[in-house]
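Okay, so here's the structure we're looking at.
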Amino acid sequence: MGMHRIGVVGAGPAAAAFTHAVDRPAVDVTVLEKSGGVCGRAATRRRGDVTYDYGANYLRDDDERVNALVRDVLGTDGLADVRAPVSVLGDDGSVSPGRDDGRAKWSYAAGLTQIAKRLFGATDAAVHRRTRVESLSRDGDAWRLVDADGETWGPFDDVLCTPPAPQTAALLRNADWDAPARASLADAADAVPFDPVYTAVLHYPFALDRPYYALVNADGGHDVGWLAREGCKPGHVPAGESLLVVQASPDWTRAHFDDPPAENVARLADAAADVLGDARLRDPDWTDHQRWRYALPRAGVDPAPVDAARDAGLHVAGDWVVGEARVHAALRCGLDAADRLAR
């Protein structure tokens with residue numbers, strides 16, 4: 001039996017879990033990632049001695065198969081549970097205790113990107129960063145991918161697409177693949193609703209003590225949807241300093257998505273100061289920001305077009321496939337996609 005060739009578009013958690021699950025001597029995997037990093041919105045940056053996760057915040061132990069992946073494959077070196085609770089931010093700015101379900105909130109001292117780095121690192125897959133896939137084609141029984149520089153990758157027996165649903169839909173609409181499954185899967189991906197997120201990262205040269213790790217406003221009635229103290233994660237923030245990750249609500253993000261970043265960061269710093277009742281927070285000593293147009297899927301994809309495309313060797317995975325904006329959901333989706341391919 002010859003080598004089975006798989007092309008993977010994107011290097012987020014779903015792609016990493018899939019790649020690890022299919023990795024074996026008779027399988028050759030090529031991963032093409034448009035950005036300079038891996039792990040998608042589970043993204044980490046560093047500045048001096050400070051490490052911060054500015055997208056997804058932690059990995060929950062909501063899935064036993066993912067838990068086993070963390071314990072047995074990713075390894076516990078540098079892994080820590082964020083012990084402080086998540087409290088509730090009311091629409092009126094009030095703070096109340098959250099519901100503690102006893103689940104772990106895992107992070108890594110080196111940041112959440114460790115999830116994808118360790119999974120890819122445990123395989124023989126070739127991961128090519130800064131390689132944006134712009135088209136795919138079906139030639140007989142083989143798939144080929146073409147990047148923004150015009151380079152062709154393949155042939156592949158199977159292709160896995162993991163970008164957010166609207167980007168996957170655009171790739172399918174431009175695909176050279178004459179099959180009804182192409183349009184139906186593109187329509188299904190386009191139908192997945194998304195909320196955007198604008199993140200401000202605020203650093204302060206003083207400690208900020210609160211009885212909670214983070215505040216969450218789940219209903220979207222406050223300008224702040226999520227506010228976290230990154231210092232609660234071991235190894236992230238030196239003693240005597242503070243770093244807040246403030247993620248705006250979807251409505252606020254839509255209203256200010258294209259505003260100048262300095263203005264948005266200042267607005268969110270003011271909001272953090274109001275929520276935490278500390279005027280010093282209006283004046284961080286350094287900041288960072290990021291915006292995601294397709295951050296949080298509110299529903300999953302219709303499974304029928306996904307199944308039809310799979311019969312031709314085209315697979316999709318990611319949190320948008322299952323409709324749950326959680327790192328563990330993306331990991332499990334990647335594992336499930338690998339299982340289906342194996343069958």
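Starting from 1 in every chain, residues are counted up; chains themselves are A, B, ... following the order of the structure tokens, and ligands are numbered from 1 as listed.
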
key: Within 10 Å of Cys161 in chain A using only C-alpha atoms, minus same-chain residues under 3 positions, as a ChimeraX atom specification   = /A:7-11,14-15,164-165,167-169,171-172,314-318

Write the residues of the preceding selection, restricted to N, CA and C atoms, as a short mmCIF file (atom, residue, chain, number, x, y, z; two decimals), in the first residue's frame.
```cif
data_model
loop_
_atom_site.label_atom_id
_atom_site.label_comp_id
_atom_site.auth_asym_id
_atom_site.auth_seq_id
_atom_site.Cartn_x
_atom_site.Cartn_y
_atom_site.Cartn_z
N GLY A 7 -3.72 16.92 2.90
CA GLY A 7 -3.46 18.35 3.00
C GLY A 7 -4.38 18.97 4.03
N VAL A 8 -3.84 19.81 4.89
CA VAL A 8 -4.61 20.45 5.94
C VAL A 8 -4.49 21.96 5.77
N VAL A 9 -5.62 22.64 5.68
CA VAL A 9 -5.65 24.10 5.56
C VAL A 9 -5.92 24.68 6.94
N GLY A 10 -4.95 25.43 7.48
CA GLY A 10 -5.06 26.00 8.81
C GLY A 10 -4.32 25.17 9.83
N ALA A 11 -3.86 25.84 10.90
CA ALA A 11 -3.07 25.15 11.93
C ALA A 11 -3.61 25.44 13.32
N ALA A 14 -8.14 22.33 15.99
CA ALA A 14 -8.77 21.21 15.29
C ALA A 14 -7.78 20.56 14.33
N ALA A 15 -7.04 21.38 13.60
CA ALA A 15 -6.06 20.85 12.66
C ALA A 15 -4.96 20.10 13.39
N PRO A 164 -12.26 29.56 9.65
CA PRO A 164 -13.65 29.89 10.00
C PRO A 164 -14.59 29.67 8.82
N ALA A 165 -15.85 29.39 9.14
CA ALA A 165 -16.82 29.00 8.12
C ALA A 165 -16.88 29.95 6.93
N GLN A 167 -14.62 31.82 5.59
CA GLN A 167 -13.41 31.66 4.79
C GLN A 167 -13.38 30.31 4.09
N THR A 168 -13.86 29.28 4.77
CA THR A 168 -13.98 27.98 4.12
C THR A 168 -14.99 28.04 2.98
N ALA A 169 -16.10 28.75 3.19
CA ALA A 169 -17.10 28.90 2.14
C ALA A 169 -16.52 29.60 0.92
N LEU A 171 -13.41 29.66 -0.02
CA LEU A 171 -12.49 28.72 -0.68
C LEU A 171 -13.25 27.72 -1.53
N LEU A 172 -14.39 27.26 -1.04
CA LEU A 172 -15.19 26.29 -1.80
C LEU A 172 -15.82 26.93 -3.03
N LEU A 314 -13.05 15.47 1.03
CA LEU A 314 -12.93 16.83 1.54
C LEU A 314 -13.60 16.89 2.91
N HIS A 315 -12.85 17.30 3.91
CA HIS A 315 -13.32 17.29 5.29
C HIS A 315 -13.24 18.70 5.86
N VAL A 316 -14.07 18.96 6.87
CA VAL A 316 -14.02 20.24 7.59
C VAL A 316 -13.98 19.96 9.08
N ALA A 317 -13.33 20.86 9.81
CA ALA A 317 -13.26 20.73 11.26
C ALA A 317 -13.03 22.10 11.87
N GLY A 318 -13.40 22.24 13.12
CA GLY A 318 -13.25 23.50 13.83
C GLY A 318 -14.42 23.72 14.76
#
```

task = Do a neighbour search on Val322 in chain A at 9 Å with only C-alpha atoms, toss out local chain neighbours closer than 2 positions, and write the hits as a PyMOL selection string.
result = chain A and resi 297+299-301+317-320+324-325+329-330+333

message = Could you check the closest approach to Gly240 in chain A for each of A:Trp226, A:Tyr294, A:Phe257, A:Phe206 and tell me which residue wins, using only C-alpha atoms?
response =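 Checking each of A:Trp226, A:Tyr294, A:Phe257, A:Phe206 against Gly240 in chain A, counting only C-alpha atoms, the winner is A:Phe206.
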
query = Neighbours of Ala104 in chain A within 6 Å (only C-alpha atoms; same-chain residues fewer than 5 positions away dropped), as a PyMOL selection string?
reply = chain A and resi 60-61+81

Would you mind exporting C-alpha atoms of the selected residues as a compact mmCIF listing (two decimals), in the first residue's frame?
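Output below, filename again.txt:
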```txt
# COMPACT_ATOMS: atom_id res chain seq x y z
CA ARG A 60 -11.72 23.30 29.85
CA ASP A 61 -11.81 19.63 30.79
CA ASP A 81 -5.23 24.91 36.46
```

inquiry  = Give me the residues near range 123-127 of chain A as JSON, numbers by chain, where near means some atom within 6 Å (using only C-alpha atoms) and where sequence neighbours in that chain fewer than 2 positions away do not count.
reply    = {"A": [29, 30, 31, 120, 121]}

task = May I have the residues within 7 Å of range 278-291 of chain A as a ChimeraX atom specification, using only C-alpha atoms and disregarding those fewer than 3 positions away in the same chain?
result = /A:197-204,269-270,272-274

Next, write the just-selected residues to a file, as an mmCIF file, in the first residue's frame, keeping N, CA and C atoms as the atom set.
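Dumped everything to out.cif:
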```cif
data_model
loop_
_atom_site.group_PDB
_atom_site.id
_atom_site.type_symbol
_atom_site.label_atom_id
_atom_site.label_comp_id
_atom_site.auth_asym_id
_atom_site.auth_seq_id
_atom_site.Cartn_x
_atom_site.Cartn_y
_atom_site.Cartn_z
ATOM 1 N N VAL A 197 -15.179 39.686 17.914
ATOM 2 C CA VAL A 197 -14.608 40.045 19.213
ATOM 3 C C VAL A 197 -13.465 41.035 19.011
ATOM 4 N N TYR A 198 -13.479 42.089 19.815
ATOM 5 C CA TYR A 198 -12.365 43.042 19.866
ATOM 6 C C TYR A 198 -11.710 42.900 21.235
ATOM 7 N N THR A 199 -10.397 42.681 21.238
ATOM 8 C CA THR A 199 -9.662 42.471 22.476
ATOM 9 C C THR A 199 -8.684 43.606 22.720
ATOM 10 N N ALA A 200 -8.686 44.124 23.950
ATOM 11 C CA ALA A 200 -7.665 45.065 24.411
ATOM 12 C C ALA A 200 -6.855 44.387 25.503
ATOM 13 N N VAL A 201 -5.544 44.508 25.410
ATOM 14 C CA VAL A 201 -4.622 43.982 26.418
ATOM 15 C C VAL A 201 -4.021 45.174 27.153
ATOM 16 N N LEU A 202 -4.166 45.200 28.483
ATOM 17 C CA LEU A 202 -3.799 46.373 29.278
ATOM 18 C C LEU A 202 -2.826 45.956 30.370
ATOM 19 N N HIS A 203 -1.639 46.554 30.367
ATOM 20 C CA HIS A 203 -0.621 46.208 31.358
ATOM 21 C C HIS A 203 -0.414 47.353 32.335
ATOM 22 N N TYR A 204 -0.162 46.983 33.607
ATOM 23 C CA TYR A 204 0.024 47.978 34.664
ATOM 24 C C TYR A 204 1.218 47.588 35.533
ATOM 25 N N ALA A 269 -10.172 50.436 28.211
ATOM 26 C CA ALA A 269 -9.489 50.701 29.479
ATOM 27 C C ALA A 269 -10.408 51.468 30.429
ATOM 28 N N ASP A 270 -11.155 52.435 29.889
ATOM 29 C CA ASP A 270 -12.118 53.162 30.716
ATOM 30 C C ASP A 270 -13.194 52.214 31.237
ATOM 31 N N ALA A 272 -12.890 49.004 31.771
ATOM 32 C CA ALA A 272 -12.299 48.155 32.809
ATOM 33 C C ALA A 272 -12.186 48.904 34.127
ATOM 34 N N ALA A 273 -11.793 50.185 34.054
ATOM 35 C CA ALA A 273 -11.685 50.989 35.267
ATOM 36 C C ALA A 273 -13.039 51.123 35.955
ATOM 37 N N ASP A 274 -14.091 51.305 35.161
ATOM 38 C CA ASP A 274 -15.434 51.439 35.735
ATOM 39 C C ASP A 274 -15.891 50.126 36.363
#
```

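The shell of residues at most 8 Å from Thr44 in chain A, with only C-alpha atoms counted and near chain neighbours (fewer than 5 positions) removed, consists of Thr51, Tyr52, Asp53, Tyr54, Gly55, Gly111, Leu112 and Thr113 of chain A.
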
Spatial neighbours of Ser135 in chain A, max dist 10 Å, only C-alpha atoms, sep filter under 4 positions, as a ChimeraX atom specification = /A:144-148,150,152,170-176
